[in-house]
Each structure stands twice: as C-alpha cells, then as structure tokens.
$ cat model_15.csv   # CSV, C-alpha atoms
chain,number,residue,atom,x,y,z
Y,1,LEU,CA,0.0,0.0,0.0
Y,2,ASP,CA,1.2,3.5,-0.8
Y,3,PRO,CA,2.7,4.9,2.4
Y,4,GLY,CA,1.0,8.3,1.7
Y,5,PHE,CA,-2.4,6.6,1.4
Y,6,ASP,CA,-4.8,7.7,4.1
Y,7,ASP,CA,-7.8,5.4,4.5
Y,8,GLY,CA,-9.2,7.4,7.4
Y,9,GLU,CA,-11.2,9.6,5.0
Y,10,ILE,CA,-12.9,6.7,3.1
Y,11,GLN,CA,-16.5,6.3,4.1
Y,12,ASN,CA,-18.5,5.6,1.0
Y,13,ILE,CA,-17.1,3.7,-2.0
Y,14,ARG,CA,-17.7,5.7,-5.2
Y,15,TYR,CA,-17.9,3.4,-8.2
Y,16,PRO,CA,-16.7,4.8,-11.6
Y,17,SER,CA,-19.4,6.7,-13.5
Y,18,TRP,CA,-19.3,4.1,-16.2
Y,19,PHE,CA,-20.6,1.4,-13.9
Y,20,LYS,CA,-24.1,0.3,-14.8
Y,21,ASP,CA,-27.1,1.7,-13.0
Y,22,SER,CA,-28.7,-1.7,-12.3
Y,23,PHE,CA,-32.2,-2.6,-11.1
Y,24,LEU,CA,-30.4,-5.6,-9.5
Y,25,ASP,CA,-32.0,-8.1,-11.8
Y,26,LEU,CA,-28.9,-10.0,-12.7
Y,27,ALA,CA,-30.4,-12.3,-15.4
Y,28,ASP,CA,-31.8,-9.1,-17.1
Y,29,ASP,CA,-28.4,-7.4,-16.8
Y,30,ALA,CA,-26.6,-10.4,-18.3
Y,31,ALA,CA,-29.1,-10.5,-21.2
Y,32,MET,CA,-28.5,-6.8,-21.8
Y,33,ALA,CA,-24.8,-7.4,-21.8
Y,34,ALA,CA,-25.3,-10.2,-24.4
Y,35,ASP,CA,-27.4,-7.9,-26.5
Y,36,ALA,CA,-24.6,-5.4,-26.5
Y,37,GLY,CA,-22.1,-8.1,-27.7
Y,38,LYS,CA,-20.3,-8.3,-24.3
Y,39,GLN,CA,-19.0,-11.4,-22.6
Y,40,GLY,CA,-21.0,-10.9,-19.4
Y,41,LEU,CA,-21.0,-9.1,-16.1
Y,42,PHE,CA,-18.3,-7.9,-13.7
Y,43,LEU,CA,-19.6,-7.7,-10.2
Y,44,PHE,CA,-17.5,-5.6,-7.8
Y,45,PHE,CA,-18.4,-6.4,-4.2
Y,46,SER,CA,-17.2,-3.7,-1.7
Y,47,THR,CA,-18.1,-2.4,1.7
Y,48,GLN,CA,-18.1,0.9,3.4
Y,49,GLY,CA,-14.7,2.2,4.5
Y,50,CYS,CA,-12.8,-0.5,2.5
Y,51,SER,CA,-9.4,1.1,1.7
Y,52,TYR,CA,-8.5,-1.7,-0.8
Y,53,CYS,CA,-11.8,-1.3,-2.6
Y,54,HIS,CA,-11.0,2.4,-3.0
Y,55,LEU,CA,-7.5,1.7,-4.1
Y,56,PHE,CA,-8.7,-0.8,-6.7
Y,57,ILE,CA,-11.1,1.8,-8.1
Y,58,GLU,CA,-8.4,4.5,-8.1
Y,59,LYS,CA,-5.5,2.5,-9.4
Y,60,SER,CA,-6.8,-0.5,-11.5
Y,61,LEU,CA,-10.2,0.8,-12.7
Y,62,GLY,CA,-8.6,4.3,-13.0
Y,63,ASP,CA,-6.1,3.0,-15.6
Y,64,PRO,CA,-7.7,4.2,-18.9
Y,65,ALA,CA,-6.6,1.1,-20.9
Y,66,ILE,CA,-8.0,-1.3,-18.2
Y,67,ALA,CA,-11.3,0.7,-17.9
Y,68,GLU,CA,-11.7,0.7,-21.7
Y,69,ARG,CA,-11.1,-3.0,-22.0
Y,70,LEU,CA,-13.3,-3.9,-19.1
Y,71,GLN,CA,-16.2,-1.7,-20.5
Y,72,ALA,CA,-15.8,-3.2,-24.0
Y,73,HIS,CA,-16.3,-6.8,-22.8
Y,74,PHE,CA,-18.3,-6.6,-19.5
Y,75,ASP,CA,-21.0,-4.6,-17.9
Y,76,ALA,CA,-19.8,-3.5,-14.4
Y,77,ILE,CA,-22.0,-3.4,-11.4
Y,78,GLY,CA,-21.0,-2.4,-7.9
Y,79,LEU,CA,-22.6,-4.1,-4.9
Y,80,GLU,CA,-22.3,-3.5,-1.2
Y,81,ILE,CA,-21.6,-6.8,0.6
Y,82,PHE,CA,-23.9,-6.0,3.5
Y,83,SER,CA,-26.7,-4.4,1.6
Y,84,ASP,CA,-30.3,-5.3,2.4
Y,85,ALA,CA,-31.4,-4.2,-1.1
Y,86,GLU,CA,-33.5,-6.7,-3.0
Y,87,LEU,CA,-31.7,-8.4,-5.9
Y,88,TRP,CA,-32.9,-11.0,-8.4
Y,89,ASN,CA,-30.2,-13.7,-8.9
Y,90,PHE,CA,-29.4,-15.3,-12.3
Y,91,ALA,CA,-32.2,-17.9,-11.7
Y,92,GLY,CA,-34.7,-15.1,-11.3
Y,93,GLU,CA,-35.1,-15.6,-7.5
Y,94,ALA,CA,-35.6,-12.7,-5.2
Y,95,THR,CA,-33.0,-12.4,-2.5
Y,96,ARG,CA,-31.0,-9.7,-0.7
Y,97,VAL,CA,-27.6,-8.5,-1.9
Y,98,LYS,CA,-26.0,-9.7,1.3
Y,99,ASP,CA,-27.6,-13.1,0.9
Y,100,PHE,CA,-26.5,-13.3,-2.7
Y,101,ALA,CA,-23.0,-12.4,-1.7
Y,102,LEU,CA,-22.9,-15.1,0.9
Y,103,ALA,CA,-24.3,-17.7,-1.5
Y,104,GLU,CA,-21.5,-16.7,-4.0
Y,105,GLY,CA,-18.8,-17.2,-1.3
Y,106,VAL,CA,-18.1,-13.5,-0.9
Y,107,GLU,CA,-16.5,-13.1,2.5
Y,108,PHE,CA,-14.1,-10.2,2.0
Y,109,ALA,CA,-13.9,-6.9,0.2
Y,110,PRO,CA,-13.0,-6.3,-2.4
Y,111,THR,CA,-14.3,-9.4,-4.2
Y,112,LEU,CA,-14.4,-9.3,-8.0
Y,113,MET,CA,-16.6,-11.7,-9.9
Y,114,PHE,CA,-17.0,-12.2,-13.6
Y,115,TYR,CA,-20.0,-14.1,-15.0
Y,116,ASP,CA,-20.9,-15.1,-18.6
Y,117,THR,CA,-24.1,-13.9,-20.3
Y,118,GLN,CA,-26.0,-17.0,-18.9
Y,119,GLY,CA,-25.0,-16.2,-15.3
Y,120,GLY,CA,-22.3,-18.8,-15.2
Y,121,PRO,CA,-19.3,-18.0,-13.1
Y,122,LEU,CA,-16.1,-17.3,-15.0
Y,123,VAL,CA,-13.6,-15.9,-12.3
Y,124,LYS,CA,-13.7,-15.0,-8.7
Y,125,LEU,CA,-11.0,-12.8,-7.3
Y,126,THR,CA,-10.7,-11.9,-3.6
Y,127,GLY,CA,-8.6,-9.0,-2.5
Y,128,TYR,CA,-6.8,-6.1,-4.1
Y,129,TYR,CA,-5.6,-6.6,-7.7
Y,130,GLY,CA,-3.2,-4.0,-9.0
Y,131,PRO,CA,-3.4,-2.7,-12.6
Y,132,GLU,CA,-0.8,-5.2,-14.0
Y,133,ARG,CA,-2.3,-8.3,-12.4
Y,134,PHE,CA,-5.9,-7.2,-13.1
Y,135,GLY,CA,-4.9,-6.5,-16.7
Y,136,GLN,CA,-3.6,-10.1,-16.9
Y,137,VAL,CA,-7.0,-11.4,-15.6
Y,138,LEU,CA,-8.7,-9.4,-18.4
Y,139,ASP,CA,-6.3,-10.9,-20.9
Y,140,TYR,CA,-7.2,-14.4,-19.6
Y,141,LEU,CA,-11.0,-13.8,-20.0
Y,142,VAL,CA,-11.1,-11.6,-23.1
Y,143,ASP,CA,-8.6,-13.7,-25.1
Y,144,GLY,CA,-10.5,-16.9,-24.2
Y,145,HIS,CA,-7.8,-18.6,-22.1
Y,146,HIS,CA,-10.5,-19.4,-19.5
Y,147,ARG,CA,-11.8,-22.1,-21.9
Y,148,GLU,CA,-8.4,-23.9,-21.9
Y,149,THR,CA,-6.7,-23.5,-18.5
Y,150,SER,CA,-7.2,-22.3,-14.9
Y,151,LEU,CA,-6.5,-18.7,-14.0
Y,152,ARG,CA,-3.8,-19.9,-11.6
Y,153,ASP,CA,-2.0,-21.9,-14.4
Y,154,TYR,CA,-2.4,-19.0,-16.9
Y,155,LEU,CA,-0.9,-16.5,-14.5
Y,156,ALA,CA,2.0,-18.9,-13.7
Y,157,GLN,CA,2.7,-19.3,-17.4
Y,158,ALA,CA,2.5,-15.5,-17.9
Y,159,GLY,CA,5.0,-15.0,-15.1
Y,160,ALA,CA,7.3,-17.7,-16.4
Y,161,ALA,CA,7.2,-16.2,-19.9
Y,162,ARG,CA,7.9,-12.7,-18.5
Y,163,ALA,CA,10.9,-14.0,-16.5
Y,164,THR,CA,12.3,-15.8,-19.6
Y,165,ALA,CA,11.9,-12.6,-21.6
Y,166,ASP,CA,13.6,-10.6,-18.8
Y,167,ASP,CA,16.5,-13.2,-18.7
Y,168,ALA,CA,16.9,-12.9,-22.5
Y,169,THR,CA,17.5,-9.1,-22.3
Y,170,TRP,CA,20.6,-9.7,-20.1
$ encode --input "model_15.csv" --output "structure tokens"
Amino acid sequence: LDPGFDDGEIQNIRYPSWFKDSFLDLADDAAMAADAGKQGLFLFFSTQGCSYCHLFIEKSLGDPAIAERLQAHFDAIGLEIFSDAELWNFAGEATRVKDFALAEGVEFAPTLMFYDTQGGPLVKLTGYYGPERFGQVLDYLVDGHHRETSLRDYLAQAGAARATADDATW
C-alpha cells in the first residue's frame, strides 16, 4: 500500500461513472450485456470504508486502458456486501444483496466476480488486484484462455514467460 495513502477519509465507495445503474436483476443485466455483444458481467463487491476497494477503483479501474477494455467486454455493477437491497439472482429468484454475496462465497472486500451472459461464473478474485495483475486477468478472459486453462496456471505461465523474456534481455 502507498505509504502516503490515508484510508481514514474513506467512508463511501464511489464506483466509476461508467458502472451500470442496475435494477439488480442479474439475469436481465446479463441479457442486456449479451445484446450489447459483451462477454458478461463484472460484479464488484465492496463495503463501506474499504481502503483496498477504494485503491482498486483508483489504481486499477482508474487506468484508462483497463477501464476501456473492461467496459468493452463486460457490464460492471457495484454491490455493497452487507446491503439489504433486493436483488434477483441469475435464476430469477428474489434475495437480498447480502444473501446473494454469501451464496456466492463473498467473504471479504473487495471481491471481483465475472459471469458469462448466462450467469455462469467465470472468475472470482478476492482482495486487491493492481493494474498489471488485473490486466492479466482481463487478458485471460477476453482472449478466451479461461476455456483452456485455470487462471492460476495462466498467471503462472505468464509469469514464467515474462521471467524468460527478462533473462533474454541480459
């Protein structure tokens, strides 16, 4: 974490303006993403006062190339983990955001989840992902690697390839 970063001022998480204003009907949101030619939904689970949520928004989603790529392929929706707001899950069942989060295994903030246009889970990330690592996750999804290998193996291969390239420059 940046030593100059003061999380004492963070109260409310402010999602980027390009996040979707959702009626919290996830099946409908996924269908609209499909109609727009997108791969699915990106759900960003946060909570009040979460410094890592704020940092992810500022650093990773604040990176113009990442923001553009994410918007081109996924509709983004921000959700408060402990919210009592009513939500319709991908099966069309009414629940509360907090109950949906629990059912999806969301225990910490931030949690970043990608779903396909049918509501099938693609990737779940827990914790802070900096711009470089989050960009690699987008590469994994957008370029279709998720159909061939696990994210863990993909990131390990990407790291090994980068190390080999770094060694070759010596």
$ residues_around --input "model_15.csv" --residues "Pro131 of chain Y" --least-positions-apart "4" --cutoff "8 Å" --atoms "only C-alpha atoms" --output "list in words"
Lys59, Ser60, Leu61, Asp63, Ile66 and Gly135 of chain Y
$ residues_around --input "model_15.csv" --residues "Asp25 of chain Y" --least-positions-apart "4" --cutoff "7 Å" --atoms "all atoms listed in the file" --output "PyMOL selection string"
chain Y and resi 29+87-89
$ atom_distance --input "model_15.csv" --atom1 "atom CA of Ala33 of chain Y" --atom2 "atom CA of His146 of chain Y"
18.8 Å
$ closest_residue --input "model_15.csv" --among "Y:Ala27, Y:Leu138, Y:Ile77, Y:Glu93" --to "Ala65 of chain Y" --atoms "all atoms listed in the file"
Y:Leu138
$ closest_residue --input "model_15.csv" --among "Y:Ser46, Y:Thr111, Y:Gln118, Y:Ser22" --to "Ala76 of chain Y" --atoms "all atoms listed in the file"
Y:Ser22
$ residues_around --input "model_15.csv" --residues "segment 154-156 of chain Y" --least-positions-apart "2" --cutoff "9 Å" --atoms "all atoms listed in the file" --output "JSON, numbers by chain"
{"Y": [133, 136, 137, 140, 145, 146, 149, 150, 151, 152, 158, 159, 160, 161]}
$ closest_residue --input "model_15.csv" --among "Y:Pro64, Y:Gly144, Y:Gly78, Y:Gly37" --to "Phe23 of chain Y" --atoms "all atoms listed in the file"
Y:Gly78
$ atom_distance --input "model_15.csv" --atom1 "atom CA of Leu26 of chain Y" --atom2 "atom CA of Gly119 of chain Y"
7.8 Å
$ residues_around --input "model_15.csv" --residues "Val97 of chain Y" --least-positions-apart "5" --cutoff "10 Å" --atoms "all atoms listed in the file" --output "PyMOL selection string"
chain Y and resi 24+45+79-89+102-103
$ atom_distance --input "model_15.csv" --atom1 "atom CA of Glu148 of chain Y" --atom2 "atom CA of Pro110 of chain Y"
26.7 Å
$ residues_near_point --input "model_15.csv" --point "(-22.8, 4.4, -1.5)" --cutoff "9 Å" --atoms "all atoms listed in the file" --output "JSON list (two decimals) with C-alpha atoms, in the frame of the given file"
[["chain", "number", "residue", "atom", "x", "y", "z"],
["Y", 11, "GLN", "CA", -16.50, 6.30, 4.10],
["Y", 12, "ASN", "CA", -18.50, 5.60, 1.00],
["Y", 13, "ILE", "CA", -17.10, 3.70, -2.00],
["Y", 14, "ARG", "CA", -17.70, 5.70, -5.20],
["Y", 15, "TYR", "CA", -17.90, 3.40, -8.20],
["Y", 47, "THR", "CA", -18.10, -2.40, 1.70],
["Y", 48, "GLN", "CA", -18.10, 0.90, 3.40],
["Y", 80, "GLU", "CA", -22.30, -3.50, -1.20]]
$ closest_residue --input "model_15.csv" --among "Y:Ala72, Y:Ala67, Y:Cys53, Y:Ala94" --to "Gly127 of chain Y" --atoms "only C-alpha atoms"
Y:Cys53
$ closest_residue --input "model_15.csv" --among "Y:Phe42, Y:Glu58, Y:Gly120, Y:Ala34" --to "Ala91 of chain Y" --atoms "only C-alpha atoms"
Y:Gly120
$ build_atoms --input "model_15.csv" --residues "segment 95-127 of chain Y" --atoms "N, CA and C atoms" --output "compact mmCIF listing (two decimals), in the frame of the given file"
# COMPACT_ATOMS: atom_id res chain seq x y z
N THR Y 95 -33.82 -12.18 -3.66
CA THR Y 95 -33.00 -12.40 -2.50
C THR Y 95 -32.49 -10.98 -2.05
N ARG Y 96 -31.66 -10.91 -1.08
CA ARG Y 96 -31.00 -9.70 -0.70
C ARG Y 96 -29.57 -9.70 -1.20
N VAL Y 97 -29.01 -8.54 -1.47
CA VAL Y 97 -27.60 -8.50 -1.90
C VAL Y 97 -26.72 -9.24 -0.98
N LYS Y 98 -26.89 -9.02 0.32
CA LYS Y 98 -26.00 -9.70 1.30
C LYS Y 98 -26.17 -11.19 1.27
N ASP Y 99 -27.36 -11.69 0.99
CA ASP Y 99 -27.60 -13.10 0.90
C ASP Y 99 -27.00 -13.70 -0.38
N PHE Y 100 -27.12 -12.94 -1.46
CA PHE Y 100 -26.50 -13.30 -2.70
C PHE Y 100 -25.00 -13.40 -2.57
N ALA Y 101 -24.43 -12.38 -1.94
CA ALA Y 101 -23.00 -12.40 -1.70
C ALA Y 101 -22.54 -13.59 -0.94
N LEU Y 102 -23.25 -13.90 0.11
CA LEU Y 102 -22.90 -15.10 0.90
C LEU Y 102 -23.03 -16.35 0.10
N ALA Y 103 -24.09 -16.47 -0.69
CA ALA Y 103 -24.30 -17.70 -1.50
C ALA Y 103 -23.18 -17.81 -2.56
N GLU Y 104 -22.60 -16.69 -3.00
CA GLU Y 104 -21.50 -16.70 -4.00
C GLU Y 104 -20.15 -16.86 -3.33
N GLY Y 105 -20.12 -16.98 -2.01
CA GLY Y 105 -18.80 -17.20 -1.30
C GLY Y 105 -18.07 -15.89 -1.10
N VAL Y 106 -18.74 -14.76 -1.16
CA VAL Y 106 -18.10 -13.50 -0.90
C VAL Y 106 -17.96 -13.25 0.57
N GLU Y 107 -16.72 -13.24 1.05
CA GLU Y 107 -16.50 -13.10 2.50
C GLU Y 107 -15.66 -11.84 2.79
N PHE Y 108 -14.96 -11.32 1.80
CA PHE Y 108 -14.10 -10.20 2.00
C PHE Y 108 -14.27 -9.15 0.92
N ALA Y 109 -13.88 -7.94 1.22
CA ALA Y 109 -13.90 -6.90 0.20
C ALA Y 109 -12.48 -6.42 -0.02
N PRO Y 110 -12.18 -6.15 -1.26
CA PRO Y 110 -13.00 -6.30 -2.40
C PRO Y 110 -13.05 -7.80 -2.89
N THR Y 111 -14.16 -8.19 -3.48
CA THR Y 111 -14.30 -9.40 -4.20
C THR Y 111 -14.77 -9.06 -5.61
N LEU Y 112 -14.10 -9.59 -6.61
CA LEU Y 112 -14.40 -9.30 -8.00
C LEU Y 112 -14.83 -10.54 -8.70
N MET Y 113 -16.03 -10.52 -9.26
CA MET Y 113 -16.60 -11.70 -9.90
C MET Y 113 -17.01 -11.43 -11.32
N PHE Y 114 -16.62 -12.32 -12.20
CA PHE Y 114 -17.00 -12.20 -13.60
C PHE Y 114 -17.98 -13.39 -13.89
N TYR Y 115 -19.04 -13.08 -14.63
CA TYR Y 115 -20.00 -14.10 -15.00
C TYR Y 115 -20.26 -13.95 -16.54
N ASP Y 116 -20.58 -15.10 -17.16
CA ASP Y 116 -20.90 -15.10 -18.60
C ASP Y 116 -22.34 -14.56 -18.76
N THR Y 117 -22.80 -14.48 -19.99
CA THR Y 117 -24.10 -13.90 -20.30
C THR Y 117 -25.27 -14.82 -19.85
N GLN Y 118 -24.96 -16.04 -19.45
CA GLN Y 118 -26.00 -17.00 -18.90
C GLN Y 118 -25.98 -16.99 -17.41
N GLY Y 119 -25.08 -16.20 -16.79
CA GLY Y 119 -25.00 -16.20 -15.30
C GLY Y 119 -24.01 -17.21 -14.79
N GLY Y 120 -23.28 -17.88 -15.69
CA GLY Y 120 -22.30 -18.80 -15.20
C GLY Y 120 -21.04 -18.14 -14.74
N PRO Y 121 -20.49 -18.61 -13.62
CA PRO Y 121 -19.30 -18.00 -13.10
C PRO Y 121 -18.07 -18.21 -13.96
N LEU Y 122 -17.29 -17.16 -14.19
CA LEU Y 122 -16.10 -17.30 -15.00
C LEU Y 122 -14.84 -17.20 -14.05
N VAL Y 123 -14.77 -16.16 -13.23
CA VAL Y 123 -13.60 -15.90 -12.30
C VAL Y 123 -14.07 -15.23 -11.09
N LYS Y 124 -13.52 -15.65 -9.97
CA LYS Y 124 -13.70 -15.00 -8.70
C LYS Y 124 -12.36 -14.58 -8.15
N LEU Y 125 -12.21 -13.29 -7.84
CA LEU Y 125 -11.00 -12.80 -7.30
C LEU Y 125 -11.26 -12.13 -5.94
N THR Y 126 -10.47 -12.49 -4.96
CA THR Y 126 -10.70 -11.90 -3.60
C THR Y 126 -9.43 -11.09 -3.28
N GLY Y 127 -9.66 -9.86 -2.85
CA GLY Y 127 -8.60 -9.00 -2.50
C GLY Y 127 -8.22 -7.97 -3.53
